[in-house]
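K.L.:
Sharing my_file_36.txt below, compact mmCIF, C-alpha atoms and all ligand atoms:
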```txt
# COMPACT_ATOMS: atom_id res chain seq x y z
CA MET K 1 60.00 175.59 44.34
CA PRO K 2 56.89 176.31 46.37
CA GLU K 3 57.10 179.78 47.93
CA PHE K 4 54.99 181.79 50.38
CA PRO K 5 51.61 181.49 48.59
CA GLU K 6 51.98 177.75 47.99
CA MET K 7 53.39 176.91 51.44
CA GLU K 8 50.84 179.03 53.28
CA ALA K 9 47.96 177.48 51.32
CA TRP K 10 49.26 174.00 52.27
CA ARG K 11 49.75 175.05 55.88
CA ARG K 12 46.13 176.16 56.12
CA GLN K 13 44.99 172.94 54.50
CA LEU K 14 47.05 170.73 56.83
CA ASP K 15 46.52 172.59 60.09
CA GLU K 16 43.35 170.77 61.11
CA PRO K 17 43.89 167.23 59.79
CA VAL K 18 47.41 166.83 61.25
CA SER K 19 46.21 167.84 64.72
CA ALA K 20 43.07 165.70 64.80
CA PHE K 21 44.64 162.41 65.97
CA PRO K 22 47.84 161.17 67.59
CA VAL K 23 50.60 159.59 65.50
CA VAL K 24 50.55 155.76 65.57
CA LYS K 25 53.40 155.13 63.13
CA ALA K 26 56.34 157.33 62.18
CA GLY K 27 58.10 156.38 58.96
CA PRO K 28 59.18 154.91 56.68
CA ALA K 29 61.58 157.66 55.68
CA HIS K 30 63.96 157.71 52.72
CA ILE K 31 67.53 157.82 53.97
CA ALA K 32 68.20 161.03 52.03
CA THR K 33 65.01 162.70 53.25
CA LEU K 34 65.24 162.24 57.01
CA LYS K 35 68.06 164.54 58.12
CA THR K 36 68.11 163.77 61.83
CA PHE K 37 68.41 160.68 64.01
CA ASP K 38 68.26 162.17 67.49
CA PRO K 39 65.56 162.43 68.74
CA PRO K 40 64.57 159.20 66.94
CA LEU K 41 61.47 159.26 64.74
CA ASP K 42 59.69 156.77 67.02
CA GLU K 43 59.52 159.53 69.64
CA LEU K 44 56.54 160.89 67.69
CA VAL K 45 54.41 157.80 68.30
CA GLY K 46 51.59 158.54 70.74
CA ARG K 47 52.00 162.31 70.42
CA THR K 48 49.58 164.72 68.75
CA PHE K 49 50.61 167.76 66.71
CA SER K 50 49.21 171.12 67.76
CA GLY K 51 48.79 172.06 64.10
CA ALA K 52 50.78 173.25 61.10
CA GLU K 53 52.97 176.34 61.21
CA ARG K 54 55.16 177.95 58.57
CA ARG K 55 58.42 179.87 58.56
CA GLY K 56 59.52 181.09 55.14
CA LYS K 57 59.29 178.09 52.82
CA ARG K 58 59.38 175.54 55.65
CA LEU K 59 56.47 173.85 57.38
CA LEU K 60 56.60 173.08 61.09
CA PHE K 61 54.52 170.60 63.02
CA PRO K 62 55.05 171.08 66.76
CA THR K 63 53.74 168.44 69.14
CA GLU K 64 51.03 169.47 71.58
CA ASP K 65 53.27 168.70 74.57
CA GLY K 66 55.85 171.24 73.35
CA GLU K 67 58.69 168.70 73.28
CA LEU K 68 59.22 168.06 69.57
CA VAL K 69 58.95 169.82 66.22
CA LEU K 70 58.76 168.09 62.85
CA LEU K 71 60.25 170.42 60.25
CA VAL K 72 59.68 169.88 56.52
CA HIS K 73 61.42 171.60 53.60
CA LEU K 74 59.96 170.52 50.27
CA MET K 75 62.67 172.12 48.07
CA THR K 76 61.69 171.93 44.38
CA ALA K 77 59.88 168.67 43.87
CA GLY K 78 58.66 167.63 47.34
CA ARG K 79 54.91 167.46 47.88
CA LEU K 80 53.10 166.95 51.17
CA LYS K 81 49.66 165.39 51.30
CA HIS K 82 47.17 164.39 53.93
CA LEU K 83 45.39 161.19 52.96
CA LEU K 84 42.25 159.81 54.54
CA ALA K 85 42.21 156.17 55.70
CA ASP K 86 40.52 154.98 52.51
CA GLU K 87 42.75 156.94 50.13
CA LYS K 88 45.52 155.09 48.34
CA ALA K 89 49.01 155.98 49.53
CA PRO K 90 52.05 155.83 47.23
CA LYS K 91 54.13 152.65 47.61
CA THR K 92 57.44 154.33 48.36
CA PRO K 93 56.90 157.77 49.89
CA ALA K 94 59.96 159.81 50.86
CA PHE K 95 58.40 160.11 54.30
CA ALA K 96 55.17 159.00 55.97
CA LEU K 97 53.29 159.40 59.23
CA GLU K 98 50.19 157.46 60.14
CA PHE K 99 47.58 158.82 62.52
CA GLN K 100 45.14 156.97 64.72
CA GLY K 101 42.18 155.97 62.53
CA GLY K 102 44.37 155.40 59.47
CA SER K 103 44.82 158.84 57.91
CA LYS K 104 48.36 159.67 56.76
CA LEU K 105 50.73 162.53 56.13
CA ILE K 106 52.79 161.64 53.07
CA LEU K 107 55.81 163.33 51.53
CA THR K 108 56.57 162.40 47.94
CA GLU K 109 59.38 163.65 45.74
CA ASN K 110 59.22 163.00 42.05
CA ALA K 111 62.89 163.60 41.28
CA LYS K 112 66.03 161.54 40.83
CA ARG K 113 67.96 163.50 43.37
CA LYS K 114 66.21 163.59 46.73
CA ARG K 115 66.49 167.12 48.03
CA ALA K 116 63.41 167.57 50.21
CA GLY K 117 64.14 167.21 53.91
CA VAL K 118 62.44 166.19 57.15
CA TRP K 119 63.96 167.02 60.52
CA LEU K 120 62.70 165.88 63.93
CA LEU K 121 63.95 168.44 66.41
CA THR K 122 63.54 169.78 69.89
CA PRO K 123 62.10 173.33 69.94
CA GLU K 124 65.61 174.65 70.71
CA GLN K 125 67.12 172.82 67.75
CA ALA K 126 64.28 174.05 65.54
CA ALA K 127 64.90 177.66 66.60
CA ARG K 128 68.58 177.29 65.66
CA GLU K 129 67.64 175.75 62.32
CA LEU K 130 65.47 178.78 61.52
CA GLU K 131 67.45 181.62 63.05
CA HIS K 132 69.16 182.61 59.78
CA LEU K 133 65.84 183.47 58.14
CA GLY K 134 64.82 187.07 57.51
CA PRO K 135 61.38 188.49 58.32
CA GLU K 136 58.33 186.98 56.63
CA ALA K 137 57.71 188.37 53.14
CA ASP K 138 54.00 189.03 53.71
CA SER K 139 54.57 191.01 56.90
CA LEU K 140 56.75 193.88 55.64
CA ASP K 141 55.65 197.50 55.17
CA ALA K 142 57.54 200.04 53.03
CA GLU K 143 59.56 201.33 55.97
CA GLN K 144 60.77 197.88 57.08
CA LEU K 145 61.43 196.89 53.48
CA GLY K 146 63.42 200.11 53.01
CA GLU K 147 65.71 199.28 55.90
CA ILE K 148 66.27 195.82 54.49
CA VAL K 149 66.89 196.62 50.83
CA ARG K 150 68.94 199.73 51.40
CA GLY K 151 71.14 197.85 53.81
CA GLU K 152 72.96 196.25 50.88
CA SER K 153 73.61 196.99 47.26
CA ARG K 154 72.32 194.02 45.31
CA ARG K 155 70.22 193.33 42.27
CA LEU K 156 66.56 193.21 43.26
CA HIS K 157 65.77 189.76 41.89
CA ALA K 158 68.63 188.16 43.83
CA LEU K 159 67.93 190.17 46.97
CA LEU K 160 64.23 189.25 47.11
CA ARG K 161 65.13 185.55 46.84
CA ASP K 162 67.71 185.62 49.62
CA GLN K 163 66.01 183.86 52.55
CA ARG K 164 68.37 185.46 55.06
CA VAL K 165 67.09 188.87 53.97
CA ILE K 166 63.38 188.14 53.39
CA ALA K 167 61.80 184.72 53.97
CA GLY K 168 59.29 183.18 51.58
CA ILE K 169 60.05 184.54 48.10
CA GLY K 170 61.74 182.51 45.36
CA ARG K 171 62.25 182.73 41.60
CA ALA K 172 58.62 182.67 40.56
CA TRP K 173 57.26 185.29 42.95
CA ALA K 174 60.31 187.52 42.53
CA ASN K 175 59.36 187.65 38.83
CA GLU K 176 55.72 188.39 39.62
CA ILE K 177 56.47 191.01 42.29
CA LEU K 178 59.07 192.92 40.26
CA HIS K 179 56.75 193.01 37.26
CA ALA K 180 53.85 194.31 39.37
CA ALA K 181 56.21 196.92 40.88
CA LYS K 182 57.47 197.92 37.39
CA LEU K 183 61.06 197.48 38.53
CA SER K 184 63.97 195.92 36.67
CA PRO K 185 65.19 192.59 38.09
CA TYR K 186 68.69 194.05 37.72
CA ALA K 187 67.97 197.33 39.54
CA LEU K 188 70.30 197.89 42.48
CA SER K 189 68.54 197.84 45.83
CA LYS K 190 70.28 200.88 47.29
CA ASP K 191 69.34 203.01 44.24
CA LEU K 192 65.58 202.70 44.84
CA THR K 193 63.73 206.00 45.28
CA ASP K 194 61.08 206.32 48.03
CA GLU K 195 58.40 206.03 45.40
CA GLU K 196 59.93 202.84 43.94
CA LEU K 197 60.23 201.40 47.41
CA GLU K 198 56.53 202.06 48.06
CA ARG K 199 55.74 200.33 44.78
CA LEU K 200 57.87 197.32 45.69
CA ALA K 201 56.27 197.00 49.15
CA ALA K 202 52.77 197.31 47.66
CA ALA K 203 53.57 194.76 44.92
CA MET K 204 54.92 192.29 47.49
CA ARG K 205 51.75 192.59 49.51
CA THR K 206 49.27 192.37 46.65
CA GLU K 207 51.09 189.70 44.63
CA LEU K 208 51.62 187.37 47.60
CA ALA K 209 47.98 187.84 48.64
CA ARG K 210 46.82 187.18 45.07
CA GLY K 211 48.96 184.05 44.93
CA LEU K 212 47.70 182.75 48.27
CA GLU K 213 44.08 183.32 47.31
CA LEU K 214 44.56 181.43 44.03
CA ARG K 215 46.52 178.58 45.61
CA GLU K 216 43.88 178.15 48.31
CA ARG K 217 41.42 177.55 45.51
CA GLY K 218 43.78 175.00 43.98
CA ALA K 219 44.80 177.13 40.97
CA SER K 220 47.48 175.70 38.65
CA ASP K 221 50.84 177.38 37.91
CA GLU K 222 49.45 178.33 34.51
CA LYS K 223 46.55 180.23 36.09
CA THR K 224 48.54 181.66 39.02
CA TYR K 225 51.61 183.12 37.31
CA ARG K 226 51.27 186.06 34.92
CA VAL K 227 54.97 186.58 34.08
CA HIS K 228 56.87 183.54 35.38
CA HIS K 229 57.29 180.92 32.58
CA LYS K 230 55.42 183.22 30.16
CA LEU K 231 58.21 183.74 27.62
CA GLY K 232 56.77 184.96 24.31
CA GLU K 233 53.33 185.66 25.73
CA PRO K 234 51.94 189.20 25.89
CA CYS K 235 52.45 191.18 29.11
CA TYR K 236 49.11 191.38 30.95
CA VAL K 237 49.59 195.12 31.43
CA CYS K 238 50.95 196.46 28.12
CA GLY K 239 50.89 193.57 25.64
CA THR K 240 54.66 193.60 25.02
CA THR K 241 56.20 190.15 24.64
CA ILE K 242 57.57 188.79 27.92
CA ALA K 243 61.34 188.28 27.73
CA GLN K 244 63.74 186.13 29.71
CA VAL K 245 67.34 186.17 30.82
CA ASP K 246 69.03 182.88 31.63
CA PHE K 247 71.27 181.97 34.50
CA GLU K 248 72.88 178.64 35.20
CA GLU K 249 70.20 177.48 37.60
CA HIS K 250 67.25 179.72 36.88
CA THR K 251 65.59 182.11 34.47
CA ILE K 252 64.30 185.60 35.08
CA TYR K 253 61.12 186.60 33.21
CA TYR K 254 60.23 190.27 32.73
CA CYS K 255 58.45 192.78 30.51
CA PRO K 256 60.93 195.07 28.70
CA GLU K 257 58.28 197.79 28.36
CA CYS K 258 56.99 197.80 31.96
CA GLN K 259 60.24 197.06 33.77
CA THR K 260 63.42 197.99 31.93
CA GLY K 261 62.52 200.99 29.77
CA GLY K 262 62.64 198.86 26.62
CA ARG K 263 66.09 197.42 27.36
CA ILE K 264 66.74 193.73 26.85
CA LEU K 265 68.68 192.30 29.77
CA LYS K 266 71.84 190.43 28.86
CA ASP K 267 73.12 187.32 30.50
CA ARG K 268 75.89 188.87 32.51
CA ARG K 269 78.12 185.80 32.60
CA LEU K 270 78.05 185.57 28.81
CA SER K 271 78.71 189.32 28.33
CA ARG K 272 81.71 188.97 30.65
CA LEU K 273 83.15 186.23 28.48
CA LEU K 274 82.73 188.31 25.34
CA ARG K 275 84.26 191.45 26.77
ZN ZN Y 301 54.36 195.21 30.12
```
In structure tokens, what does this structure look like?
P.N.:
Amino acid sequence: MPEFPEMEAWRRQLDEPVSAFPVVKAGPAHIATLKTFDPPLDELVGRTFSGAERRGKRLLFPTEDGELVLLVHLMTAGRLKHLLADEKAPKTPAFALEFQGGSKLILTENAKRKRAGVWLLTPEQAARELEHLGPEADSLDAEQLGEIVRGESRRLHALLRDQRVIAGIGRAWANEILHAAKLSPYALSKDLTDEELERLAAAMRTELARGLELRERGASDEKTYRVHHKLGEPCYVCGTTIAQVDFEEHTIYYCPECQTGGRILKDRRLSRLLR
């Protein structure tokens, strides 16, 4: 799933083109993709967006008149593209907008199960839709992060990915950040020393900035990630083989030398069954 670096790179890319011309056609929209019916999509016709904004992993396109907000959540497989008038658009996009002059904003989702979503909301509805989100991941210093992580006792990998606690980090960047911070994905948040907390805050800042810089240049996953999906490859710091621990829906990647004092993390569900 695209996270802060990916979403912010797209936001910067889309900001200008989506606000250049008014919408002349709203839709079509896949029935599973468009999550709202009031206000109707046609309400966008004739209006111009003020630009592209982002909150956590969601993109927001408010109209210039302040009356409507188009909210987009790409989930895992959704991709948003701005196409010029002469560029070929996919035949069956999950969602499309056409601007005056023929350019388009297209949402595609290459997956059997449509999970990406588009909401057309009033600013009040949009605020309610976003109110559960924690502070932005790239904006936190060590002190703010300390208040957040010490507020609950949870494993760091799960805590960093919880959008209600911190908005913008998912599986991939939790792997990258914890590796850069030399912290175990299983470490308990309330056990962090001041020094470890400083390291975590610094790693969040530098890793998210590194990711954004690479994504703005169009870097691939392969080039962007150094730990995520790197099972069996040498750690970029110490050369130890990157290990993984599997969960039902995701996998944690880590370096046993840098992060867990040489310990191999066990799948906790499996160990429970064997106990
Ligand atoms: Zn290492």
K.L.:
Could you tell me which of K:Ile177, K:Ala202, K:Leu80, K:Leu59 comes closest to K:Ile252 if we count all atoms listed in the file?
P.N.:
K:Ile177
K.L.:
Please measure the separation of atom CA of K:Met7 and atom CA of K:Ala29, giving the value in Å to one decimal.
P.N.:
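According to the coordinates, atom CA of K:Met7 and atom CA of K:Ala29 are separated by 21.3 Å.
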K.L.:
Might you pull out every residue within 7 Å of K:Ala181, with all atoms listed in the file counted and same-chain residues fewer than 4 positions away left off, and present them as a PyMOL selection string?
P.N.:
chain K and resi 177+199-200+203
K.L.:
Can you measure atom CA of K:Lys223 to atom CA of K:Phe4 for me? One decimal in Å is fine.
P.N.:
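The value is 16.7 Å.
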K.L.:
Using all atoms listed in the file, find each residue with an atom at most 8 Å away from ligand ZN 301 (chain Y) and format the answer as a ChimeraX atom specification.
P.N.:
/K:179,234-242,255-259
K.L.:
Excluding stretch 131-142 of chain K and its own-chain neighbours fewer than 6 positions away, which residues fall within 6 Å of it when counting all atoms listed in the file? Please give them as a PyMOL selection string.
P.N.:
chain K and resi 163-168+198+201+205
K.L.:
For a quick check of understanding, using all atoms listed in the file, which of K:His228, K:His73, K:Arg161, K:Arg128 has the smallest distance to K:Thr108?
P.N.:
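Of all the options, K:His73 lies closest to K:Thr108.
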K.L.:
What is the atom CA of K:Glu6 to atom CA of K:Met204 distance in Å?
P.N.:
14.8 Å
K.L.:
Leaving out stretch 89-102 of chain K and any residue of its chain fewer than 6 positions from it, which residues lie within 10 Å of it when counting all atoms listed in the file, given as a ChimeraX atom specification?
P.N.:
/K:17-34,41,44-48,78-83,108-110,114,116-118
K.L.:
For K:Gln144, which residue among K:Ala180, K:Leu192, K:Leu107, K:Leu197 is the nearest when counting all atoms listed in the file?
P.N.:
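Between K:Ala180, K:Leu192, K:Leu107, K:Leu197, the residue approaching K:Gln144 most closely is K:Leu197.
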K.L.:
Pick the closest to K:Val227 from K:Gln125, K:Thr206, K:Thr251, K:Gln13: which is it, counting all atoms listed in the file?
P.N.:
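Smallest separation from K:Val227 among the options: K:Thr251.
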K.L.:
With all atoms listed in the file as the atoms that count, which of K:Phe49, K:Tyr186, K:Phe247, K:Trp173 lies nearest to K:Leu212?
P.N.:
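Residue with the minimum atom-to-atom distance to K:Leu212: K:Trp173.
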K.L.:
Which residues come within 8 Å of K:Leu71, counting all atoms listed in the file, excluding same-chain residues fewer than 3 positions away, as a list in words?
P.N.:
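Near neighbours after the sequence-gap exclusion: Arg58, Leu59, Leu60, Phe61, Val118, Trp119, Leu120, Leu121 and Ala126 of chain K.
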K.L.:
My list of candidates is K:Ala174, K:Tyr225, K:Thr122, K:Pro185. Which is closest to K:Phe37 when distances are computed with all atoms listed in the file?
P.N.:
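Once distances to K:Phe37 are computed over all atoms listed in the file, the minimum belongs to K:Thr122.
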K.L.:
Just need the box for stretch 167-184 of chain K, edges along x, y and z, holding every atom the file lists for it with 5 Å tacked onto each side, so centre and edge lengths in Å to one decimal, as JSON.
P.N.:
```
{"center_x": 58.9, "center_y": 190.2, "center_z": 45.3, "size_x": 20.1, "size_y": 25.4, "size_z": 27.3}
```
K.L.:
Residues at most 6 Å from K:Ala187, counting all atoms listed in the file, excluding those fewer than 2 positions away in the same chain, as a PDB file with C-alpha atoms, in the coordinates of the input?
P.N.:
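part.pdb, written as the output of this step:
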```pdb
ATOM      1  CA  ARG K 155      70.220 193.330  42.270  1.00  0.00           C
ATOM      2  CA  LEU K 156      66.560 193.210  43.260  1.00  0.00           C
ATOM      3  CA  SER K 184      63.970 195.920  36.670  1.00  0.00           C
ATOM      4  CA  PRO K 185      65.190 192.590  38.090  1.00  0.00           C
TER       5      PRO K 185
END
```
